[in-house]
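Take a look at the structure set out below.
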Amino acid sequence: MQRERVSENVYWFQSSVYAQVTAGVIAGPQWAVLIDTLALPEETLAMRDFIESELNVPVRYVINTHHHADHSWGNSFFPGSTIIGHELCGQFLMEKGRPALEQAKKSNPALRQVKIIAPHLTFSSGSISLRVGKKNLVMMPMLGHSIDGIGIFIEEDRVLFAGDSFMPLPFVVDGDIDELANTIKRIGKMGLENIVQGHGDIILRGEIEDACKDNLNYLSAIRKAAKTAVKRKNPLEYLAEIDIESCGKSRVFLGGLAADLHKRNLWYLYQLYAEDEQSIEVNPI
Ligand SMILES: [Zn+2]
């Protein structure tokens with residue numbers, strides 16, 4: 001696990017074992033707020049150990065940026081803390097997370113002690129704030145990668161923990177591509193010092209404009225490819241030729257997982273647009 005200081009009392013962690021997933025902590029004088037847990041218990045526990053022994057404070061709040069396993073399955077390692085998330089994050093953890101964890105436990109003994117804990121405090125629109133020492137954290141919905149995403153903005157530092165709304169390779173399979181494009185545009189206009197992505201490295205002020213453009217261009221490229229595929233005789237052969245580089249991204253991103261995520265993006269969008277096409281034929285207006 002990598003660790004870096006982002007600003008005063010704000011730290012960032014990045015997994016060395018799974019898809020460069022990240023988490024963060026904001027420490028106050030009496031207690032700390034954790035943003036997301038990591039994919040495997042050993043890394044989540046190492047993070048907890050750092051907060052308790054080096055920063056000398058307990059974790060009082062855990063904020064889940066969304067319900068995906070690599071961000072929220074460590075909640076149970078912070079008993080006594082209040083978990084905060086989007087209303088749908090709680091619903092998805094109970095409906096999808098619980099059975100998925102039972103399944104995952106069969107093949108991964110490292111997950112044996114993991115329990116799904118849904119957020120205790122939820123919201124679904126507007127924003128909520130939390131004061132930690134001298135810092136004001138503002139939580140707001142940031143949708144597109146999933147429909148339960150939230151971002152956490154540290155006002156004093158102009159740092160945004162974007163969750164998976166910002167990734168080296170945008171991933172839309174559990175969300176909505178148009179909503180994600182809007183979210184990325186919104187993030188680009190926030191006047192940020194840093195974007196902490198849900199996976200990958202921290203984006204610095206001078207890199208933000210290009211990072212937003214790159215991600216928006218990628219979304220346009222896959223949207224266009226999937227729509228073109230629907231019109232082709234051999235859509236699957238056509239899609240197989242649309243490699244990640246031709247959409248402006250690199251396969252080395254996310255510890256090598258990027259090429260696979262790219263294929264899943266294309267396949268998901270193709271199915272979505274093909275369904276739209278069919279329903280137009282079946283129900284002409
Ligand atoms: Zn995710």
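Each chain in the structure tokens gets a letter, A, B and so on, in the order shown; residues start at 1 in every chain, and ligands are counted from 1 in the order they appear.
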For range 141-195 of chain A versus range 68-91 of chain A, which residues have an atom no more than 8 Å away, and what is each residue's nearest atom pair and distance in Å rounded to one decimal, using only C-alpha atoms, chain-then-number order, as a tab-separated table?
```
residue	atom	partner	partner_atom	distance
A:Pro141	CA	A:His86	CA	7.4
A:Ile147	CA	A:Leu88	CA	7.6
A:Asp148	CA	A:Leu88	CA	5.3
A:Gly149	CA	A:His86	CA	6.8
A:Ile150	CA	A:His86	CA	6.7
```
Hey, what's within 12 Å of range 247-256 of chain A if we count only C-alpha atoms and toss same-chain stuff fewer than 6 positions away? As a compact mmCIF listing (two decimals) with all heavy atoms, in the first residue's frame, please?
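Output (part02.txt):
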```txt
# COMPACT_ATOMS: atom_id res chain seq x y z
N GLN A 14 -3.12 4.12 -1.49
CA GLN A 14 -3.39 3.46 -2.77
C GLN A 14 -3.00 1.99 -2.65
O GLN A 14 -1.88 1.67 -2.21
CB GLN A 14 -2.60 4.12 -3.89
CG GLN A 14 -2.91 3.54 -5.26
CD GLN A 14 -1.99 4.08 -6.34
OE1 GLN A 14 -0.77 3.94 -6.24
NE2 GLN A 14 -2.55 4.73 -7.34
N SER A 15 -3.89 1.11 -3.07
CA SER A 15 -3.63 -0.32 -2.97
C SER A 15 -2.51 -0.76 -3.90
O SER A 15 -2.41 -0.29 -5.03
CB SER A 15 -4.90 -1.10 -3.34
OG SER A 15 -4.61 -2.47 -3.41
N SER A 16 -1.67 -1.66 -3.40
CA SER A 16 -0.63 -2.26 -4.25
C SER A 16 -1.11 -3.59 -4.80
O SER A 16 -0.44 -4.21 -5.61
CB SER A 16 0.63 -2.53 -3.43
OG SER A 16 0.94 -1.43 -2.64
N VAL A 17 -2.27 -4.06 -4.33
CA VAL A 17 -2.71 -5.39 -4.76
C VAL A 17 -3.91 -5.38 -5.69
O VAL A 17 -4.09 -6.28 -6.49
CB VAL A 17 -3.01 -6.34 -3.57
CG1 VAL A 17 -1.73 -6.70 -2.84
CG2 VAL A 17 -4.03 -5.76 -2.61
N TYR A 18 -4.77 -4.37 -5.61
CA TYR A 18 -5.95 -4.41 -6.47
C TYR A 18 -6.22 -3.08 -7.20
O TYR A 18 -6.65 -2.11 -6.57
CB TYR A 18 -7.20 -4.83 -5.67
CG TYR A 18 -8.41 -4.87 -6.56
CD1 TYR A 18 -8.59 -5.90 -7.47
CD2 TYR A 18 -9.33 -3.82 -6.56
CE1 TYR A 18 -9.67 -5.91 -8.34
CE2 TYR A 18 -10.42 -3.83 -7.43
CZ TYR A 18 -10.57 -4.87 -8.31
OH TYR A 18 -11.62 -4.86 -9.18
N ALA A 19 -5.99 -3.05 -8.49
CA ALA A 19 -6.44 -1.99 -9.41
C ALA A 19 -6.16 -0.57 -8.91
O ALA A 19 -6.91 0.35 -9.22
CB ALA A 19 -7.93 -2.15 -9.71
N GLN A 20 -5.09 -0.41 -8.14
CA GLN A 20 -4.70 0.92 -7.64
C GLN A 20 -5.87 1.66 -6.98
O GLN A 20 -5.98 2.89 -7.10
CB GLN A 20 -4.12 1.77 -8.78
CG GLN A 20 -2.86 1.16 -9.37
CD GLN A 20 -2.32 1.97 -10.53
OE1 GLN A 20 -3.06 2.64 -11.24
NE2 GLN A 20 -1.02 1.92 -10.72
N VAL A 21 -6.73 0.92 -6.32
CA VAL A 21 -7.87 1.54 -5.65
C VAL A 21 -7.37 2.43 -4.50
O VAL A 21 -6.32 2.15 -3.90
CB VAL A 21 -8.90 0.47 -5.18
CG1 VAL A 21 -8.33 -0.43 -4.12
CG2 VAL A 21 -10.20 1.10 -4.72
N THR A 22 -8.07 3.53 -4.24
CA THR A 22 -7.58 4.50 -3.26
C THR A 22 -8.57 4.71 -2.11
O THR A 22 -9.75 4.37 -2.21
CB THR A 22 -7.33 5.88 -3.91
OG1 THR A 22 -8.60 6.46 -4.23
CG2 THR A 22 -6.47 5.77 -5.15
N MET A 167 -11.56 8.35 -12.89
CA MET A 167 -10.62 7.22 -12.94
C MET A 167 -9.71 7.41 -14.15
O MET A 167 -10.09 8.09 -15.09
CB MET A 167 -11.40 5.90 -13.13
CG MET A 167 -12.13 5.42 -11.89
SD MET A 167 -13.21 4.00 -12.23
CE MET A 167 -12.07 2.71 -12.69
N PRO A 168 -8.53 6.78 -14.17
CA PRO A 168 -7.67 6.87 -15.35
C PRO A 168 -8.39 6.34 -16.60
O PRO A 168 -8.13 6.80 -17.70
CB PRO A 168 -6.47 5.98 -15.00
CG PRO A 168 -6.47 5.92 -13.50
CD PRO A 168 -7.91 6.00 -13.09
N LEU A 169 -9.29 5.37 -16.39
CA LEU A 169 -10.15 4.90 -17.47
C LEU A 169 -11.58 4.90 -16.95
O LEU A 169 -11.92 4.12 -16.08
CB LEU A 169 -9.78 3.47 -17.88
CG LEU A 169 -10.60 2.99 -19.08
CD1 LEU A 169 -9.98 3.48 -20.38
CD2 LEU A 169 -10.76 1.49 -19.09
N PRO A 170 -12.42 5.83 -17.46
CA PRO A 170 -13.81 5.85 -16.97
C PRO A 170 -14.48 4.50 -17.20
O PRO A 170 -14.25 3.87 -18.23
CB PRO A 170 -14.46 6.93 -17.84
CG PRO A 170 -13.35 7.77 -18.35
CD PRO A 170 -12.17 6.85 -18.49
N PHE A 171 -15.27 4.07 -16.23
CA PHE A 171 -15.93 2.76 -16.31
C PHE A 171 -17.43 2.97 -16.09
O PHE A 171 -17.83 3.50 -15.06
CB PHE A 171 -15.32 1.84 -15.25
CG PHE A 171 -15.76 0.41 -15.36
CD1 PHE A 171 -15.61 -0.31 -16.53
CD2 PHE A 171 -16.32 -0.25 -14.26
CE1 PHE A 171 -16.01 -1.64 -16.64
CE2 PHE A 171 -16.73 -1.57 -14.35
CZ PHE A 171 -16.57 -2.27 -15.54
N GLN A 197 -8.63 10.47 -7.37
CA GLN A 197 -9.43 9.53 -8.15
C GLN A 197 -9.71 8.27 -7.31
O GLN A 197 -8.90 7.92 -6.45
CB GLN A 197 -8.67 9.09 -9.39
CG GLN A 197 -8.04 10.19 -10.20
CD GLN A 197 -7.45 9.67 -11.50
OE1 GLN A 197 -8.15 9.57 -12.50
NE2 GLN A 197 -6.17 9.34 -11.50
N GLY A 198 -10.79 7.59 -7.62
CA GLY A 198 -11.10 6.34 -6.92
C GLY A 198 -10.10 5.23 -7.20
O GLY A 198 -9.95 4.28 -6.43
N HIS A 199 -9.42 5.35 -8.32
CA HIS A 199 -8.31 4.43 -8.68
C HIS A 199 -7.23 5.28 -9.33
O HIS A 199 -7.54 6.28 -9.98
CB HIS A 199 -8.76 3.39 -9.70
CG HIS A 199 -9.81 2.45 -9.19
ND1 HIS A 199 -9.52 1.16 -8.80
CD2 HIS A 199 -11.14 2.62 -8.98
CE1 HIS A 199 -10.64 0.56 -8.40
NE2 HIS A 199 -11.64 1.43 -8.49
N GLY A 200 -5.98 4.87 -9.16
CA GLY A 200 -4.89 5.59 -9.83
C GLY A 200 -4.33 6.71 -8.97
O GLY A 200 -4.60 6.80 -7.77
N ASP A 201 -3.55 7.58 -9.61
CA ASP A 201 -2.81 8.61 -8.88
C ASP A 201 -3.61 9.89 -8.69
O ASP A 201 -4.61 10.11 -9.37
CB ASP A 201 -1.51 8.92 -9.63
CG ASP A 201 -0.57 7.72 -9.63
OD1 ASP A 201 -0.67 6.88 -8.70
OD2 ASP A 201 0.24 7.60 -10.57
N ALA A 211 -6.93 16.09 -18.03
CA ALA A 211 -7.50 14.83 -17.55
C ALA A 211 -9.00 14.79 -17.85
O ALA A 211 -9.54 13.75 -18.27
CB ALA A 211 -7.24 14.66 -16.06
N LYS A 213 -10.58 16.49 -20.23
CA LYS A 213 -10.73 16.37 -21.69
C LYS A 213 -10.50 14.94 -22.15
O LYS A 213 -11.26 14.40 -22.93
CB LYS A 213 -9.70 17.28 -22.38
CG LYS A 213 -10.27 18.63 -22.78
CD LYS A 213 -9.28 19.35 -23.70
CE LYS A 213 -9.36 20.84 -23.44
NZ LYS A 213 -8.11 21.54 -23.72
N ASP A 214 -9.41 14.33 -21.65
CA ASP A 214 -9.09 12.94 -22.04
C ASP A 214 -10.25 12.00 -21.71
O ASP A 214 -10.61 11.14 -22.50
CB ASP A 214 -7.87 12.43 -21.27
CG ASP A 214 -6.58 12.97 -21.86
OD1 ASP A 214 -6.65 13.68 -22.88
OD2 ASP A 214 -5.52 12.68 -21.28
N ASN A 215 -10.79 12.16 -20.49
CA ASN A 215 -11.89 11.26 -20.10
C ASN A 215 -13.14 11.50 -20.93
O ASN A 215 -13.83 10.55 -21.32
CB ASN A 215 -12.19 11.42 -18.60
CG ASN A 215 -11.21 10.63 -17.74
OD1 ASN A 215 -10.32 9.95 -18.28
ND2 ASN A 215 -11.34 10.70 -16.43
N LEU A 216 -13.44 12.78 -21.21
CA LEU A 216 -14.61 13.08 -22.04
C LEU A 216 -14.42 12.56 -23.47
O LEU A 216 -15.34 12.00 -24.06
CB LEU A 216 -14.89 14.59 -22.04
CG LEU A 216 -15.38 15.14 -20.70
CD1 LEU A 216 -15.40 16.67 -20.71
CD2 LEU A 216 -16.78 14.62 -20.35
N ASN A 217 -13.20 12.70 -24.00
CA ASN A 217 -12.93 12.18 -25.34
C ASN A 217 -13.08 10.67 -25.39
O ASN A 217 -13.60 10.11 -26.34
CB ASN A 217 -11.50 12.54 -25.80
CG ASN A 217 -11.40 14.02 -26.13
OD1 ASN A 217 -12.42 14.69 -26.34
ND2 ASN A 217 -10.18 14.54 -26.17
N TYR A 218 -12.60 10.01 -24.32
CA TYR A 218 -12.74 8.55 -24.26
C TYR A 218 -14.22 8.15 -24.27
O TYR A 218 -14.62 7.26 -25.02
CB TYR A 218 -12.04 7.99 -23.01
CG TYR A 218 -12.30 6.51 -22.82
CD1 TYR A 218 -11.65 5.57 -23.62
CD2 TYR A 218 -13.22 6.06 -21.88
CE1 TYR A 218 -11.91 4.21 -23.49
CE2 TYR A 218 -13.49 4.71 -21.73
CZ TYR A 218 -12.83 3.79 -22.53
OH TYR A 218 -13.10 2.44 -22.40
N LEU A 219 -15.03 8.85 -23.46
CA LEU A 219 -16.46 8.51 -23.42
C LEU A 219 -17.10 8.72 -24.78
O LEU A 219 -17.90 7.90 -25.23
CB LEU A 219 -17.18 9.34 -22.34
CG LEU A 219 -16.78 9.03 -20.88
CD1 LEU A 219 -17.56 9.94 -19.92
CD2 LEU A 219 -17.03 7.57 -20.52
N SER A 220 -16.73 9.81 -25.47
CA SER A 220 -17.28 10.04 -26.82
C SER A 220 -16.87 8.92 -27.77
O SER A 220 -17.68 8.45 -28.57
CB SER A 220 -16.77 11.36 -27.40
OG SER A 220 -17.16 12.41 -26.58
N ALA A 221 -15.59 8.50 -27.66
CA ALA A 221 -15.09 7.47 -28.58
C ALA A 221 -15.82 6.14 -28.38
O ALA A 221 -16.21 5.49 -29.35
CB ALA A 221 -13.58 7.29 -28.38
N ILE A 222 -16.05 5.75 -27.12
CA ILE A 222 -16.71 4.45 -26.92
C ILE A 222 -18.21 4.54 -27.24
O ILE A 222 -18.80 3.59 -27.73
CB ILE A 222 -16.49 3.85 -25.50
CG1 ILE A 222 -16.93 4.78 -24.38
CG2 ILE A 222 -15.03 3.43 -25.32
CD1 ILE A 222 -16.90 4.14 -23.00
N ARG A 223 -18.79 5.71 -27.01
CA ARG A 223 -20.21 5.88 -27.34
C ARG A 223 -20.37 5.73 -28.86
O ARG A 223 -21.25 5.00 -29.34
CB ARG A 223 -20.67 7.26 -26.88
CG ARG A 223 -22.18 7.47 -26.96
CD ARG A 223 -22.58 8.92 -26.77
NE ARG A 223 -22.52 9.38 -25.39
CZ ARG A 223 -21.67 10.31 -24.94
NH1 ARG A 223 -20.78 10.85 -25.75
NH2 ARG A 223 -21.71 10.69 -23.69
N LYS A 224 -19.49 6.39 -29.60
CA LYS A 224 -19.56 6.35 -31.07
C LYS A 224 -19.31 4.92 -31.58
O LYS A 224 -20.04 4.44 -32.44
CB LYS A 224 -18.48 7.31 -31.63
CG LYS A 224 -18.62 7.57 -33.09
CD LYS A 224 -17.66 8.68 -33.52
CE LYS A 224 -17.27 8.45 -34.98
NZ LYS A 224 -15.91 8.86 -35.28
N ALA A 225 -18.30 4.25 -31.02
CA ALA A 225 -17.98 2.89 -31.47
C ALA A 225 -19.16 1.95 -31.23
O ALA A 225 -19.52 1.15 -32.10
CB ALA A 225 -16.74 2.38 -30.73
N ALA A 226 -19.78 2.06 -30.06
CA ALA A 226 -20.90 1.16 -29.74
C ALA A 226 -22.10 1.44 -30.64
O ALA A 226 -22.77 0.51 -31.10
CB ALA A 226 -21.29 1.31 -28.27
N LEU A 239 -16.49 -4.48 -32.90
CA LEU A 239 -16.14 -4.05 -31.55
C LEU A 239 -14.76 -4.58 -31.12
O LEU A 239 -14.00 -3.88 -30.45
CB LEU A 239 -17.18 -4.53 -30.53
CG LEU A 239 -18.46 -3.72 -30.41
CD1 LEU A 239 -19.32 -4.29 -29.30
CD2 LEU A 239 -18.17 -2.24 -30.14
N GLU A 241 -12.24 -4.89 -32.77
CA GLU A 241 -11.14 -4.10 -33.34
C GLU A 241 -10.95 -2.75 -32.66
O GLU A 241 -9.95 -2.07 -32.88
CB GLU A 241 -11.42 -3.85 -34.83
CG GLU A 241 -11.12 -5.06 -35.69
CD GLU A 241 -11.69 -4.91 -37.09
OE1 GLU A 241 -12.01 -3.78 -37.50
OE2 GLU A 241 -11.82 -5.96 -37.75
N HIS A 262 -12.12 -1.67 -20.57
CA HIS A 262 -12.48 -1.05 -21.84
C HIS A 262 -13.43 -1.97 -22.65
O HIS A 262 -14.46 -1.52 -23.15
CB HIS A 262 -11.20 -0.75 -22.64
CG HIS A 262 -11.44 -0.37 -24.06
ND1 HIS A 262 -12.04 0.82 -24.41
CD2 HIS A 262 -11.21 -1.04 -25.22
CE1 HIS A 262 -12.14 0.88 -25.74
NE2 HIS A 262 -11.65 -0.23 -26.25
N LYS A 263 -13.06 -3.24 -22.73
CA LYS A 263 -13.92 -4.20 -23.46
C LYS A 263 -15.30 -4.27 -22.83
O LYS A 263 -16.31 -4.34 -23.52
CB LYS A 263 -13.30 -5.60 -23.40
CG LYS A 263 -12.30 -5.83 -24.49
CD LYS A 263 -11.94 -7.31 -24.57
CE LYS A 263 -10.71 -7.46 -25.44
NZ LYS A 263 -9.76 -8.43 -24.92
N ASN A 265 -16.82 -1.94 -21.11
CA ASN A 265 -17.53 -0.69 -21.44
C ASN A 265 -18.20 -0.81 -22.81
O ASN A 265 -19.38 -0.51 -22.96
CB ASN A 265 -16.53 0.48 -21.51
CG ASN A 265 -16.25 1.12 -20.16
OD1 ASN A 265 -17.06 1.03 -19.23
ND2 ASN A 265 -15.10 1.78 -20.04
N LEU A 266 -17.41 -1.24 -23.80
CA LEU A 266 -17.92 -1.32 -25.17
C LEU A 266 -19.08 -2.30 -25.28
O LEU A 266 -20.11 -2.02 -25.88
CB LEU A 266 -16.81 -1.78 -26.13
CG LEU A 266 -15.78 -0.74 -26.54
CD1 LEU A 266 -14.74 -1.40 -27.44
CD2 LEU A 266 -16.42 0.45 -27.25
```
Contacts between ligand 1 and chain A, please, where a residue of chain A counts if it comes within 7 Å (with only C-alpha atoms and all ligand atoms); show its shortest atom pair and distance in Å to one decimal, rows by chain and ascending number, as a Markdown table.
```
| residue | atom | partner | partner_atom_place_in_ligand_line | distance |
| --- | --- | --- | --- | --- |
| A:His66 | CA | ligand 1 | 1 (Zn) | 6.7 |
| A:His68 | CA | ligand 1 | 1 (Zn) | 5.0 |
| A:His145 | CA | ligand 1 | 1 (Zn) | 6.6 |
| A:Ser146 | CA | ligand 1 | 1 (Zn) | 6.9 |
| A:Asp164 | CA | ligand 1 | 1 (Zn) | 5.2 |
```
For the residues in that selection, give me all heavy atoms as a compact mmCIF listing (two decimals), in the first residue's frame.
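Listed below is the output, selection.txt:
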```txt
# COMPACT_ATOMS: atom_id res chain seq x y z
N HIS A 66 -19.24 4.94 -2.94
CA HIS A 66 -20.28 4.15 -3.60
C HIS A 66 -20.21 2.72 -3.08
O HIS A 66 -19.36 2.41 -2.26
CB HIS A 66 -20.20 4.23 -5.12
CG HIS A 66 -18.92 3.72 -5.73
ND1 HIS A 66 -17.68 4.20 -5.40
CD2 HIS A 66 -18.69 2.77 -6.67
CE1 HIS A 66 -16.75 3.58 -6.11
NE2 HIS A 66 -17.34 2.69 -6.89
N HIS A 68 -19.48 -0.25 -4.45
CA HIS A 68 -18.64 -1.32 -5.00
C HIS A 68 -17.70 -1.89 -3.94
O HIS A 68 -17.18 -1.15 -3.09
CB HIS A 68 -17.86 -0.81 -6.22
CG HIS A 68 -18.75 -0.55 -7.41
ND1 HIS A 68 -18.39 0.26 -8.46
CD2 HIS A 68 -20.00 -1.02 -7.70
CE1 HIS A 68 -19.38 0.28 -9.35
NE2 HIS A 68 -20.37 -0.47 -8.91
N HIS A 145 -20.57 6.75 -12.85
CA HIS A 145 -19.88 5.46 -12.73
C HIS A 145 -20.84 4.46 -12.09
O HIS A 145 -20.87 3.28 -12.42
CB HIS A 145 -18.63 5.64 -11.89
CG HIS A 145 -18.02 4.35 -11.41
ND1 HIS A 145 -17.26 3.55 -12.21
CD2 HIS A 145 -18.09 3.71 -10.22
CE1 HIS A 145 -16.87 2.48 -11.54
NE2 HIS A 145 -17.37 2.56 -10.32
N SER A 146 -21.61 4.95 -11.14
CA SER A 146 -22.67 4.18 -10.52
C SER A 146 -23.79 5.17 -10.23
O SER A 146 -23.58 6.37 -10.36
CB SER A 146 -22.18 3.53 -9.21
OG SER A 146 -21.84 4.54 -8.28
N ASP A 164 -15.14 6.84 -7.86
CA ASP A 164 -14.88 6.33 -9.22
C ASP A 164 -15.50 7.21 -10.30
O ASP A 164 -15.46 6.85 -11.48
CB ASP A 164 -15.36 4.89 -9.35
CG ASP A 164 -14.44 3.93 -8.59
OD1 ASP A 164 -13.45 4.39 -8.01
OD2 ASP A 164 -14.72 2.71 -8.60
```
Give me, as number ranges by chain, the residues of range 31-273 of chain A that a backbone DSSP run labels helix (DSSP H, G or I). A: 41-53, 69-72, 75-77, 87-107, 109-111, 177-188, 205-231, 235-241, 244-247, 253-256, 258-273
Can you tell me which residues surround Pro29 in chain A at a distance of at most 12 Å, considering only C-alpha atoms, apart from same-chain residues fewer than 3 positions away, and format the answer as a PDB file with C-alpha atoms, in the first residue's frame?
```
ATOM      1  CA  ASN A   9      -4.049  16.362   8.085  1.00  0.00           C
ATOM      2  CA  ILE A  26      -8.900  13.559   7.155  1.00  0.00           C
ATOM      3  CA  ALA A  32     -10.719  11.094  11.894  1.00  0.00           C
ATOM      4  CA  VAL A  33     -12.922  10.638   8.860  1.00  0.00           C
ATOM      5  CA  LEU A  55      -2.126  10.057  13.628  1.00  0.00           C
ATOM      6  CA  ASN A  56      -3.243   8.966  17.116  1.00  0.00           C
ATOM      7  CA  VAL A  57      -6.957   9.317  16.529  1.00  0.00           C
ATOM      8  CA  PRO A  58      -9.800   6.819  16.099  1.00  0.00           C
ATOM      9  CA  VAL A  59     -11.987   6.742  12.985  1.00  0.00           C
ATOM     10  CA  ARG A  60     -15.365   8.205  13.897  1.00  0.00           C
ATOM     11  CA  ARG A 131     -16.577  19.630  10.158  1.00  0.00           C
ATOM     12  CA  VAL A 132     -13.286  17.867  11.004  1.00  0.00           C
ATOM     13  CA  GLY A 133     -10.918  20.073  12.975  1.00  0.00           C
ATOM     14  CA  LYS A 134     -10.416  23.123  10.765  1.00  0.00           C
ATOM     15  CA  LYS A 135     -11.748  21.513   7.612  1.00  0.00           C
TER      16      LYS A 135
END
```
Which residues of range 86-185 of chain A have any atom within 10 Å of an atom in range 204-210 of chain A when counting only C-alpha atoms, and what is the closest pair of atoms for each, with the distance in Å to one decimal? Order the rows by chain and rising number and write it as JSON lines.
```
{"residue": "A:Arg158", "atom": "CA", "partner": "A:Arg205", "partner_atom": "CA", "distance": 9.9}
{"residue": "A:Val159", "atom": "CA", "partner": "A:Arg205", "partner_atom": "CA", "distance": 9.6}
{"residue": "A:Lys185", "atom": "CA", "partner": "A:Glu209", "partner_atom": "CA", "distance": 9.7}
```
File dump, residues just selected, C-alpha atoms, as a PDB file, in the first residue's frame:
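Dumped to result-v6.pdb:
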```
ATOM      1  CA  ARG A 158     -10.007  22.615  -2.672  1.00  0.00           C
ATOM      2  CA  VAL A 159      -9.360  18.888  -2.841  1.00  0.00           C
ATOM      3  CA  LYS A 185     -17.572  18.442 -16.823  1.00  0.00           C
TER       4      LYS A 185
END
```
Please extract the residues of range 8-158 of chain A with a backbone DSSP assignment of strand (DSSP E) and present them as number ranges by chain. A: 10-14, 22-27, 32-35, 59-63, 82-86, 121-123, 128-132, 135-141, 150-154
Which is closest to Phe153 in chain A among A:Ala39, A:Leu180, A:Leu121, A:Ile195, if we use only C-alpha atoms?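 That would be A:Ile195, the residue with the smallest distance to Phe153 in chain A.
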Can you pull out the residues contacting Ile35 in chain A? Cut-off 9 Å, using only C-alpha atoms, and skip same-chain residues under 2 positions away; I want them as an NGL selection string. :A and (22-26 or 33 or 37 or 61-65 or 71 or 152 or 161 or 163)
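Nearest residue to Ile154 in chain A among A:Asn108, A:Thr122, A:Asn182, A:Asn194 is A:Asn194, counting only C-alpha atoms.
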10 Å contact set for Gln271 in chain A, only C-alpha atoms, chain neighbours under 6 positions out, as a ChimeraX atom specification: /A:226-227,229-230,277
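Closest approach to Ser125 in chain A among A:Met142, A:Val172, A:Ala110, A:Ile184: A:Met142, based on only C-alpha atoms.
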